file protein_8.tsv (TSV, C-alpha atoms)
chain	number	residue	atom	x	y	z
A	130	MET	CA	-82.91	87.69	148.50
A	131	SER	CA	-81.27	90.95	149.47
A	132	ASP	CA	-78.49	91.14	152.05
A	133	ALA	CA	-80.81	92.87	154.45
A	134	SER	CA	-83.37	90.09	154.53
A	135	ILE	CA	-83.55	87.89	157.57
A	136	ASN	CA	-84.56	84.27	157.62
A	137	ALA	CA	-87.03	84.48	160.44
A	138	SER	CA	-86.87	80.75	161.21
A	139	ASN	CA	-83.19	81.07	162.26
A	140	ILE	CA	-83.83	83.76	164.85
A	141	ARG	CA	-83.96	82.74	168.49
A	142	ASP	CA	-86.23	84.80	170.61
A	143	ASP	CA	-84.07	83.97	173.62
A	144	GLU	CA	-80.71	84.99	172.16
A	145	PRO	CA	-78.22	85.35	175.02
A	146	SER	CA	-77.27	88.80	176.22
A	147	PHE	CA	-73.75	89.91	177.15
A	148	GLY	CA	-74.64	89.34	180.79
A	149	ASP	CA	-75.51	85.68	180.12
A	150	TYR	CA	-72.00	85.04	178.80
A	151	PHE	CA	-70.54	86.95	181.74
A	152	ALA	CA	-72.57	84.78	184.15
A	153	LEU	CA	-70.77	81.72	182.70
A	154	LEU	CA	-67.58	83.03	184.32
A	155	LYS	CA	-69.08	82.73	187.84
A	156	PRO	CA	-68.54	86.39	188.80
A	157	ARG	CA	-68.94	85.74	192.52
A	158	VAL	CA	-66.22	83.09	192.56
A	159	MET	CA	-64.14	85.41	190.38
A	160	SER	CA	-64.35	88.15	193.02
A	161	LEU	CA	-62.81	85.74	195.58
A	162	VAL	CA	-60.10	84.86	193.06
A	163	VAL	CA	-59.34	88.53	192.40
A	164	PHE	CA	-59.13	89.37	196.09
A	165	THR	CA	-56.93	86.44	197.18
A	166	ALA	CA	-54.67	86.75	194.11
A	167	LEU	CA	-54.27	90.48	194.84
A	168	VAL	CA	-53.27	89.71	198.43
A	169	GLY	CA	-50.76	87.11	197.17
A	170	LEU	CA	-49.29	89.65	194.75
A	171	LEU	CA	-49.06	92.51	197.26
A	172	ALA	CA	-47.81	90.36	200.15
A	173	ALA	CA	-44.82	89.27	198.05
A	174	PRO	CA	-41.58	90.97	199.07
A	175	VAL	CA	-41.05	92.40	195.57
A	176	GLY	CA	-42.38	95.62	194.10
A	177	VAL	CA	-44.55	95.19	190.99
A	178	HIS	CA	-45.30	97.93	188.46
A	179	PRO	CA	-48.99	98.87	188.83
A	180	VAL	CA	-49.77	98.13	185.16
A	181	ILE	CA	-48.15	94.70	185.37
A	182	GLY	CA	-49.89	94.02	188.68
A	183	PHE	CA	-53.25	95.03	187.20
A	184	ALA	CA	-52.69	92.82	184.16
A	185	ALA	CA	-51.65	89.89	186.37
A	186	ILE	CA	-54.80	90.09	188.50
A	187	LEU	CA	-57.00	90.56	185.42
A	188	PHE	CA	-55.62	87.48	183.66
A	189	ILE	CA	-55.76	85.36	186.82
A	190	ALA	CA	-59.42	86.42	187.14
A	191	ILE	CA	-60.09	85.56	183.49
A	192	GLY	CA	-58.42	82.18	184.02
A	193	GLY	CA	-60.69	81.61	187.03
A	194	GLY	CA	-63.70	82.64	184.95
A	195	ALA	CA	-62.67	80.28	182.15
A	196	SER	CA	-62.60	77.38	184.64
A	197	GLY	CA	-66.10	78.41	185.72
A	198	ALA	CA	-67.38	78.29	182.12
A	199	LEU	CA	-65.79	74.86	181.55
A	200	ASN	CA	-67.27	73.66	184.85
A	201	MET	CA	-70.74	74.82	183.75
A	202	TRP	CA	-70.31	73.10	180.38
A	203	TRP	CA	-69.46	69.76	182.02
A	204	ASP	CA	-71.94	70.01	184.90
A	205	ALA	CA	-74.94	71.23	182.86
A	206	ASP	CA	-76.81	67.97	183.61
A	207	ILE	CA	-76.58	68.26	187.40
A	208	ASP	CA	-76.99	72.04	187.40
A	209	GLN	CA	-80.43	71.44	185.90
A	210	VAL	CA	-81.47	69.37	188.91
A	211	MET	CA	-80.21	71.57	191.73
A	212	LYS	CA	-82.28	74.53	192.91
A	213	ARG	CA	-79.15	76.59	193.61
A	214	THR	CA	-77.80	76.17	190.05
A	215	LYS	CA	-80.97	75.82	187.96
A	216	SER	CA	-80.90	79.44	186.86
A	217	ARG	CA	-77.35	79.26	185.47
A	218	PRO	CA	-77.18	80.21	181.77
A	219	ILE	CA	-76.99	76.67	180.33
A	220	PRO	CA	-79.76	74.94	182.37
A	221	ALA	CA	-81.89	78.08	181.94
A	222	GLY	CA	-81.60	77.58	178.16
A	223	LYS	CA	-79.95	80.95	177.52
A	224	VAL	CA	-76.56	79.68	176.35
A	225	GLU	CA	-75.70	76.44	174.52
A	226	ALA	CA	-73.31	74.06	176.32
A	227	GLY	CA	-70.99	74.17	173.30
A	228	GLU	CA	-70.74	77.94	173.55
A	229	ALA	CA	-69.63	77.64	177.18
A	230	LEU	CA	-66.98	75.12	176.12
A	231	SER	CA	-65.67	77.41	173.38
A	232	LEU	CA	-65.64	80.46	175.63
A	233	GLY	CA	-63.92	78.52	178.44
A	234	LEU	CA	-61.21	77.11	176.16
A	235	ALA	CA	-60.55	80.44	174.44
A	236	LEU	CA	-60.31	82.36	177.70
A	237	SER	CA	-58.10	79.66	179.26
A	238	GLY	CA	-55.59	79.97	176.42
A	239	LEU	CA	-55.73	83.76	176.42
A	240	SER	CA	-55.33	84.15	180.19
A	241	CYS	CA	-52.38	81.74	180.54
A	242	ILE	CA	-50.45	83.14	177.57
A	243	MET	CA	-51.09	86.76	178.57
A	244	LEU	CA	-50.18	86.14	182.23
A	245	GLY	CA	-46.97	84.44	181.08
A	246	LEU	CA	-46.09	87.38	178.81
A	247	ALA	CA	-47.06	90.09	181.28
A	248	THR	CA	-45.25	88.59	184.30
A	249	ASN	CA	-43.25	85.38	183.91
A	250	LEU	CA	-43.68	81.96	182.29
A	251	PHE	CA	-43.83	80.19	185.65
A	252	ALA	CA	-46.97	82.16	186.60
A	253	GLY	CA	-48.60	81.42	183.22
A	254	ALA	CA	-47.81	77.72	183.55
A	255	PHE	CA	-49.12	77.63	187.12
A	256	LEU	CA	-52.39	79.24	186.01
A	257	ALA	CA	-52.69	76.58	183.29
A	258	PHE	CA	-52.13	73.87	185.91
A	259	THR	CA	-54.81	75.44	188.16
A	260	ILE	CA	-57.38	75.45	185.33
A	261	PHE	CA	-56.48	71.84	184.50
A	262	PHE	CA	-56.77	70.86	188.15
A	263	TYR	CA	-60.20	72.47	188.59
A	264	VAL	CA	-61.70	71.32	185.30
A	265	VAL	CA	-60.20	67.87	184.75
A	266	ILE	CA	-59.15	66.58	188.17
A	267	TYR	CA	-62.03	68.11	190.17
A	268	THR	CA	-65.02	68.69	187.84
A	269	MET	CA	-64.62	65.79	185.42
A	270	TRP	CA	-63.08	63.18	187.65
A	271	LEU	CA	-63.42	63.49	191.41
A	272	LYS	CA	-66.52	65.64	191.97
A	273	ARG	CA	-68.85	62.76	191.15
A	274	ALA	CA	-66.56	60.02	192.39
A	275	THR	CA	-65.70	60.81	196.01
A	276	PRO	CA	-67.34	62.42	199.03
A	277	GLN	CA	-64.04	64.26	199.56
A	278	ASN	CA	-64.88	66.23	196.39
A	279	ILE	CA	-65.13	69.48	198.32
A	280	VAL	CA	-61.64	69.02	199.75
A	281	ILE	CA	-60.18	68.53	196.24
A	282	GLY	CA	-62.21	71.41	194.81
A	283	GLY	CA	-60.98	73.58	197.65
A	284	ALA	CA	-57.41	73.08	196.47
A	285	ALA	CA	-58.28	74.52	193.05
A	286	GLY	CA	-59.90	77.54	194.66
A	287	ALA	CA	-56.89	78.03	196.92
A	288	PHE	CA	-54.29	78.46	194.16
A	289	PRO	CA	-54.88	82.15	193.22
A	290	PRO	CA	-52.74	83.71	196.01
A	291	VAL	CA	-49.91	81.35	195.00
A	292	ILE	CA	-50.24	82.49	191.37
A	293	GLY	CA	-50.28	86.14	192.51
A	294	TRP	CA	-47.10	85.58	194.53
A	295	ILE	CA	-45.35	83.81	191.61
A	296	ALA	CA	-46.45	86.61	189.24
A	297	ALA	CA	-44.64	89.09	191.50
A	298	THR	CA	-41.54	87.08	192.40
A	299	GLY	CA	-41.12	84.37	189.76
A	300	THR	CA	-40.33	81.94	192.57
A	301	MET	CA	-42.04	79.90	195.25
A	302	SER	CA	-41.69	80.05	199.04
A	303	ILE	CA	-43.56	78.98	202.17
A	304	GLU	CA	-45.74	82.13	202.58
A	305	PRO	CA	-47.99	81.68	199.50
A	306	TRP	CA	-48.52	78.07	200.54
A	307	LEU	CA	-49.73	79.26	203.95
A	308	MET	CA	-52.32	81.39	202.11
A	309	PHE	CA	-53.15	78.35	199.99
A	310	ALA	CA	-53.60	76.23	203.11
A	311	LEU	CA	-55.89	78.83	204.65
A	312	THR	CA	-58.39	78.67	201.76
A	313	PHE	CA	-57.88	74.92	201.34
A	314	MET	CA	-58.77	74.14	204.96
A	315	TRP	CA	-61.58	76.71	205.01
A	316	THR	CA	-63.45	75.30	202.00
A	317	PRO	CA	-64.71	72.00	203.49
A	318	PRO	CA	-66.43	73.44	206.61
A	319	HIS	CA	-67.82	76.27	204.46
A	320	PHE	CA	-69.41	73.91	201.90
A	321	TRP	CA	-70.43	71.17	204.31
A	322	ALA	CA	-72.37	73.74	206.34
A	323	LEU	CA	-74.11	74.71	203.09
A	324	ALA	CA	-74.78	71.04	202.30
A	325	LEU	CA	-76.44	70.60	205.71
A	326	PHE	CA	-79.13	73.17	204.99
A	327	MET	CA	-79.38	72.65	201.18
A	328	ARG	CA	-79.57	68.92	201.50
A	329	SER	CA	-82.14	67.89	198.90
A	330	ASP	CA	-80.13	69.65	196.19
A	331	TYR	CA	-77.10	67.37	196.34
A	332	ASP	CA	-79.24	64.29	197.00
A	333	ASP	CA	-81.29	64.93	193.86
A	334	ALA	CA	-78.25	65.53	191.70
A	335	GLY	CA	-76.55	62.34	192.88
A	336	VAL	CA	-73.34	64.19	193.81
A	337	PRO	CA	-71.62	62.13	196.52
A	338	MET	CA	-71.67	64.86	199.13
A	339	LEU	CA	-70.47	63.81	202.57
A	340	THR	CA	-74.00	64.38	203.89
A	341	VAL	CA	-75.31	61.76	201.43
A	342	THR	CA	-72.56	59.12	201.63
A	343	HIS	CA	-71.56	59.22	205.30
A	344	GLY	CA	-74.59	60.82	206.85
A	345	ARG	CA	-75.26	64.12	208.49
A	346	ARG	CA	-73.76	63.16	211.85
A	347	ALA	CA	-70.41	62.39	210.19
A	348	THR	CA	-70.60	65.72	208.34
A	349	ARG	CA	-71.00	67.59	211.63
A	350	VAL	CA	-67.94	65.76	213.02
A	351	HIS	CA	-65.97	66.58	209.86
A	352	ILE	CA	-66.87	70.28	210.14
A	353	LEU	CA	-65.55	70.37	213.71
A	354	VAL	CA	-62.32	68.51	212.90
A	355	TYR	CA	-61.53	70.70	209.88
A	356	THR	CA	-62.35	73.86	211.86
A	357	VAL	CA	-59.93	72.85	214.66
A	358	LEU	CA	-57.15	72.18	212.12
A	359	LEU	CA	-57.99	75.43	210.31
A	360	ALA	CA	-57.81	77.42	213.55
A	361	ILE	CA	-54.34	76.04	214.36
A	362	LEU	CA	-53.14	76.89	210.87
A	363	ALA	CA	-54.77	80.33	210.74
A	364	VAL	CA	-53.38	81.45	214.09
A	365	GLY	CA	-49.96	79.88	213.35
A	366	THR	CA	-49.76	81.93	210.12
A	367	ALA	CA	-49.64	85.04	212.30
A	368	PHE	CA	-46.01	84.16	213.18
A	369	SER	CA	-44.86	83.76	209.56
A	370	GLY	CA	-43.50	86.36	207.13
A	371	ILE	CA	-47.01	87.44	206.07
A	372	GLY	CA	-48.38	87.70	209.63
A	373	GLY	CA	-48.10	90.33	212.33
A	374	PRO	CA	-49.95	91.72	215.35
A	375	ILE	CA	-52.98	92.96	213.39
A	376	TYR	CA	-53.36	89.61	211.67
A	377	LEU	CA	-52.96	87.83	215.00
A	378	ALA	CA	-55.72	89.89	216.63
A	379	VAL	CA	-58.09	89.30	213.67
A	380	ALA	CA	-57.29	85.57	213.56
A	381	ALA	CA	-57.75	85.14	217.32
A	382	VAL	CA	-61.24	86.67	217.30
A	383	LEU	CA	-62.45	85.02	214.09
A	384	ASN	CA	-61.15	81.57	214.98
A	385	ALA	CA	-62.73	81.72	218.42
A	386	LEU	CA	-66.08	82.55	216.77
A	387	PHE	CA	-65.61	79.92	214.08
A	388	LEU	CA	-64.68	77.21	216.59
A	389	HIS	CA	-67.69	78.15	218.69
A	390	GLY	CA	-69.94	77.81	215.62
A	391	ALA	CA	-68.44	74.45	214.64
A	392	TRP	CA	-68.86	73.20	218.22
A	393	LYS	CA	-72.54	74.21	218.19
A	394	ILE	CA	-73.05	72.41	214.86
A	395	TYR	CA	-71.37	69.32	216.33
A	396	ARG	CA	-73.57	69.36	219.41
A	397	ARG	CA	-76.85	69.68	217.51
A	398	ASP	CA	-78.89	66.84	216.06
A	399	GLU	CA	-81.26	66.91	213.12
A	400	ASP	CA	-84.33	67.62	215.23
A	401	ASP	CA	-82.71	70.76	216.69
A	402	SER	CA	-81.75	71.93	213.21
A	403	GLU	CA	-85.16	71.22	211.69
A	404	ALA	CA	-86.83	73.03	214.57
A	405	ASP	CA	-85.13	76.36	213.85
A	406	ASN	CA	-84.62	75.84	210.10
A	407	PHE	CA	-80.85	75.32	210.41
A	408	LYS	CA	-80.27	78.68	212.08
A	409	VAL	CA	-76.86	77.74	213.50
A	410	GLU	CA	-75.67	76.16	210.23
A	411	ARG	CA	-76.77	79.21	208.24
A	412	ALA	CA	-75.03	81.57	210.69
A	413	PHE	CA	-71.84	79.48	210.46
A	414	PHE	CA	-71.97	79.65	206.66
A	415	LYS	CA	-72.37	83.44	206.73
A	416	LEU	CA	-69.53	83.77	209.23
A	417	SER	CA	-67.32	81.62	206.99
A	418	LEU	CA	-67.60	84.23	204.20
A	419	LEU	CA	-66.48	86.98	206.56
A	420	TYR	CA	-63.80	84.70	208.02
A	421	LEU	CA	-61.87	84.27	204.78
A	422	PHE	CA	-62.31	87.88	203.68
A	423	LEU	CA	-60.99	89.28	206.97
A	424	HIS	CA	-58.03	86.89	207.19
A	425	PHE	CA	-56.83	87.88	203.73
A	426	GLY	CA	-57.71	91.51	204.50
A	427	ALA	CA	-55.44	91.37	207.55
A	428	ILE	CA	-52.58	89.87	205.49
A	429	LEU	CA	-53.08	92.74	203.02
A	430	VAL	CA	-53.02	95.38	205.77
A	431	GLU	CA	-49.78	93.91	207.19
A	432	ALA	CA	-48.22	93.95	203.70
A	433	LEU	CA	-49.33	97.53	202.94
A	434	MET	CA	-47.91	98.80	206.24
A	435	LYS	CA	-44.46	97.25	205.74
A	436	PRO	CA	-43.06	100.04	203.49
A	437	TYR	CA	-43.72	102.45	206.38
A	438	GLY	CA	-41.80	100.37	208.89
A	439	LEU	CA	-45.02	99.02	210.36
A	440	GLY	CA	-46.68	95.65	209.83
A	441	GLY	CA	-45.12	92.27	210.54
A	442	TRP	CA	-43.13	91.50	213.66
B	176	MET	CA	-91.17	85.06	164.01
B	177	ALA	CA	-91.91	88.51	162.67
B	178	LEU	CA	-89.48	91.22	163.64
B	179	ARG	CA	-90.69	94.70	164.43
B	180	LYS	CA	-88.42	97.56	163.46
B	181	GLU	CA	-87.13	97.87	167.02
B	182	HIS	CA	-87.35	94.44	168.57
B	183	GLU	CA	-86.04	93.67	172.05
B	184	LEU	CA	-83.64	91.33	170.26
B	185	HIS	CA	-81.93	94.32	168.65
B	186	LYS	CA	-81.25	95.84	172.03
B	187	ARG	CA	-79.73	92.61	173.27
B	188	ARG	CA	-77.53	92.36	170.17
B	189	LEU	CA	-76.46	95.97	170.52
B	190	GLY	CA	-75.56	95.34	174.17
B	191	ARG	CA	-73.55	92.27	173.20
B	192	ASN	CA	-71.73	94.04	170.38
B	193	LEU	CA	-70.94	97.04	172.56
B	194	GLY	CA	-69.68	94.72	175.32
B	195	VAL	CA	-67.36	92.82	172.96
B	196	GLY	CA	-66.21	96.09	171.38
B	197	LEU	CA	-65.33	97.62	174.73
B	198	LEU	CA	-63.52	94.47	175.83
B	199	LEU	CA	-61.45	94.36	172.65
B	200	GLY	CA	-60.67	98.09	172.95
B	201	GLY	CA	-59.65	97.60	176.58
B	202	PHE	CA	-57.44	94.66	175.61
B	203	VAL	CA	-55.63	96.75	172.98
B	204	VAL	CA	-55.03	99.54	175.51
B	205	LEU	CA	-53.77	97.04	178.09
B	206	VAL	CA	-51.32	95.41	175.65
B	207	LEU	CA	-50.07	98.87	174.66
B	208	ALA	CA	-49.62	99.87	178.31
B	209	LEU	CA	-47.81	96.59	179.08
B	210	THR	CA	-45.51	97.13	176.09
B	211	MET	CA	-44.70	100.67	177.20
B	212	VAL	CA	-43.90	99.47	180.74
B	213	LYS	CA	-41.72	96.61	179.47
B	214	VAL	CA	-39.70	98.61	176.94
B	215	THR	CA	-39.10	101.51	179.33
B	216	SER	CA	-38.00	99.30	182.21
B	217	THR	CA	-34.31	99.47	183.12
B	218	GLY	CA	-33.45	95.86	182.29
B	219	PHE	CA	-34.97	95.94	178.79
B	220	LYS	CA	-32.90	94.79	175.80
B	221	PHE	CA	-34.06	94.49	172.19
B	222	PRO	CA	-34.23	90.80	171.23
B	223	GLN	CA	-31.50	91.21	168.59
B	224	ALA	CA	-29.13	92.93	171.01
B	225	GLN	CA	-29.94	90.28	173.57
B	226	SER	CA	-29.05	87.40	171.22
B	227	GLN	CA	-25.80	89.14	170.22
B	228	THR	CA	-24.89	89.56	173.86
B	229	GLU	CA	-25.56	85.88	174.46
B	230	GLN	CA	-23.31	84.91	171.50
B	231	ASN	CA	-20.40	87.03	172.75

call {"tool": "encode", "arguments": {"input": "protein_8.tsv", "output": "structure tokens"}}
result
Amino acid sequence: MSDASINASNIRDDEPSFGDYFALLKPRVMSLVVFTALVGLLAAPVGVHPVIGFAAILFIAIGGGASGALNMWWDADIDQVMKRTKSRPIPAGKVEAGEALSLGLALSGLSCIMLGLATNLFAGAFLAFTIFFYVVIYTMWLKRATPQNIVIGGAAGAFPPVIGWIAATGTMSIEPWLMFALTFMWTPPHFWALALFMRSDYDDAGVPMLTVTHGRRATRVHILVYTVLLAILAVGTAFSGIGGPIYLAVAAVLNALFLHGAWKIYRRDEDDSEADNFKVERAFFKLSLLYLFLHFGAILVEALMKPYGLGGW
Amino acid sequence: MALRKEHELHKRRLGRNLGVGLLLGGFVVLVLALTMVKVTSTGFKFPQAQSQTEQN
């Protein structure tokens, strides 16, 4: 047998492409991680060299992607059942679960070590903790054990601005935790609205979503309560070191709209929702995406204006 | 499975190899850039000089 010969029986017709491996990193979630981490880094009261800042954001994003790959490895069984996740690389049969595990572990190690070397060890260690929290505490343990899974998962998704801040300063203070709290409190109403109009998905997968365990009425109440608490927090942040008049104006408008949406969801019953195919819930979900983006955008604008004597109070 | 001279599989492999190659090249450039930034920063000390300073 010459070196050039190929054993045809070993060749998979569906060999994964580069894009299939990239999809394991959950690029859409990664874009949220990149944006919020960037805001955390730039809102910090310390100047960062552009190359170091770029490296920090890149390795935080890779760390986030690694958590996504490990999440897909562990959740391959339920991803197969849910319509929303059926086309992910593992359930679609494009990538082996073991490959996702290897990629996730390798990228986790690489991202934490490189972030530690590029910025400071505290940032690297905090990224390692975030990956551990998302993969072990959320994905492996609590996601299938409690209807508060979304609340816990929200914490993992809320860490990136804190890591960005630590990468810049090497220390911790109240401001990054306000950014953490913003994402943390935003996640439950965002996902519970999704669960209301994607209901069969979570039912079929047996994930104890609030809609399944406590009913849809309770979910509507939860959305309203979390939105009220979120609004207080989001507007209150305007008066902290990362806030300012622009942020206050953005927060006032968005929170009024968000509260209005949550109130409408609370007032509706299932018949109303079925009648218009969950129009209000879908609109609330769409607004929630804009809500988070614009809040962090406003924090970024305030931070970028500070060197010119503008921004902040 | 018989392979034609130019199978779709080859394109996918080429894409994957190019992707990995570019990523590795980018990583090397990034590490180089980080090193340059670190060693040219004002507070930089060579490890040996640093340990001697600590001993004194």

call {"tool": "interface_residues", "arguments": {"input": "protein_8.tsv", "of": "chain B", "to": "chain A", "cutoff": "10 Å", "atoms": "only C-alpha atoms", "output": "mmCIF file with C-alpha atoms, keeping the file's coordinate frame"}}
result
data_model
loop_
_atom_site.group_PDB
_atom_site.id
_atom_site.type_symbol
_atom_site.label_atom_id
_atom_site.label_comp_id
_atom_site.auth_asym_id
_atom_site.auth_seq_id
_atom_site.Cartn_x
_atom_site.Cartn_y
_atom_site.Cartn_z
ATOM 1 C CA MET B 176 -91.170 85.060 164.010
ATOM 2 C CA ALA B 177 -91.910 88.510 162.670
ATOM 3 C CA LEU B 178 -89.480 91.220 163.640
ATOM 4 C CA HIS B 182 -87.350 94.440 168.570
ATOM 5 C CA GLU B 183 -86.040 93.670 172.050
ATOM 6 C CA LEU B 184 -83.640 91.330 170.260
ATOM 7 C CA LYS B 186 -81.250 95.840 172.030
ATOM 8 C CA ARG B 187 -79.730 92.610 173.270
ATOM 9 C CA ARG B 188 -77.530 92.360 170.170
ATOM 10 C CA LEU B 189 -76.460 95.970 170.520
ATOM 11 C CA GLY B 190 -75.560 95.340 174.170
ATOM 12 C CA ARG B 191 -73.550 92.270 173.200
ATOM 13 C CA ASN B 192 -71.730 94.040 170.380
ATOM 14 C CA LEU B 193 -70.940 97.040 172.560
ATOM 15 C CA GLY B 194 -69.680 94.720 175.320
ATOM 16 C CA VAL B 195 -67.360 92.820 172.960
ATOM 17 C CA PHE B 202 -57.440 94.660 175.610
ATOM 18 C CA LEU B 205 -53.770 97.040 178.090
ATOM 19 C CA VAL B 206 -51.320 95.410 175.650
ATOM 20 C CA ALA B 208 -49.620 99.870 178.310
ATOM 21 C CA LEU B 209 -47.810 96.590 179.080
ATOM 22 C CA THR B 210 -45.510 97.130 176.090
ATOM 23 C CA MET B 211 -44.700 100.670 177.200
ATOM 24 C CA VAL B 212 -43.900 99.470 180.740
ATOM 25 C CA LYS B 213 -41.720 96.610 179.470
ATOM 26 C CA SER B 216 -38.000 99.300 182.210
#

call {"tool": "residues_around", "arguments": {"input": "protein_8.tsv", "residues": "Ile242 in chain A", "least_positions_apart": "4", "cutoff": "12 Å", "atoms": "only C-alpha atoms", "output": "list in words"}}
result
Ala184, Ala185, Phe188, Ile189, Ile191, Gly192, Ala235, Leu236, Ser237, Gly238, Leu246, Ala247, Thr248, Asn249, Leu250, Phe251, Ala252, Gly253, Ala254, Phe255, Leu256 and Ala257 of chain A

call {"tool": "residues_around", "arguments": {"input": "protein_8.tsv", "residues": "Leu311 in chain A", "least_positions_apart": "6", "cutoff": "10 Å", "atoms": "all atoms listed in the file", "output": "mmCIF file with C-alpha atoms, keeping the file's coordinate frame"}}
result
data_model
loop_
_atom_site.group_PDB
_atom_site.id
_atom_site.type_symbol
_atom_site.label_atom_id
_atom_site.label_comp_id
_atom_site.auth_asym_id
_atom_site.auth_seq_id
_atom_site.Cartn_x
_atom_site.Cartn_y
_atom_site.Cartn_z
ATOM 1 C CA ALA A 287 -56.890 78.030 196.920
ATOM 2 C CA PRO A 305 -47.990 81.680 199.500
ATOM 3 C CA LEU A 359 -57.990 75.430 210.310
ATOM 4 C CA ALA A 360 -57.810 77.420 213.550
ATOM 5 C CA LEU A 362 -53.140 76.890 210.870
ATOM 6 C CA ALA A 363 -54.770 80.330 210.740
ATOM 7 C CA THR A 366 -49.760 81.930 210.120
ATOM 8 C CA LEU A 421 -61.870 84.270 204.780
ATOM 9 C CA HIS A 424 -58.030 86.890 207.190
ATOM 10 C CA PHE A 425 -56.830 87.880 203.730
#

call {"tool": "atom_distance", "arguments": {"input": "protein_8.tsv", "atom1": "CA of Ser196 in chain A", "atom2": "CA of Thr348 in chain A"}}
result
27.6 Å

call {"tool": "closest_residue", "arguments": {"input": "protein_8.tsv", "among": "A:Leu161, A:Ile394, A:Ile371, A:Leu383", "to": "Val350 in chain A", "atoms": "all atoms listed in the file"}}
result
A:Ile394

call {"tool": "closest_residue", "arguments": {"input": "protein_8.tsv", "among": "A:Thr275, A:Asn200, A:Ser231, A:Ser302", "to": "Gly335 in chain A", "atoms": "only C-alpha atoms"}}
result
A:Thr275

call {"tool": "atom_distance", "arguments": {"input": "protein_8.tsv", "atom1": "CA of Val264 in chain A", "atom2": "CA of Arg345 in chain A"}}
result
27.8 Å

call {"tool": "closest_residue", "arguments": {"input": "protein_8.tsv", "among": "A:Cys241, A:Ala205, A:Val354, A:Leu307", "to": "Gly193 in chain A", "atoms": "all atoms listed in the file"}}
result
A:Cys241
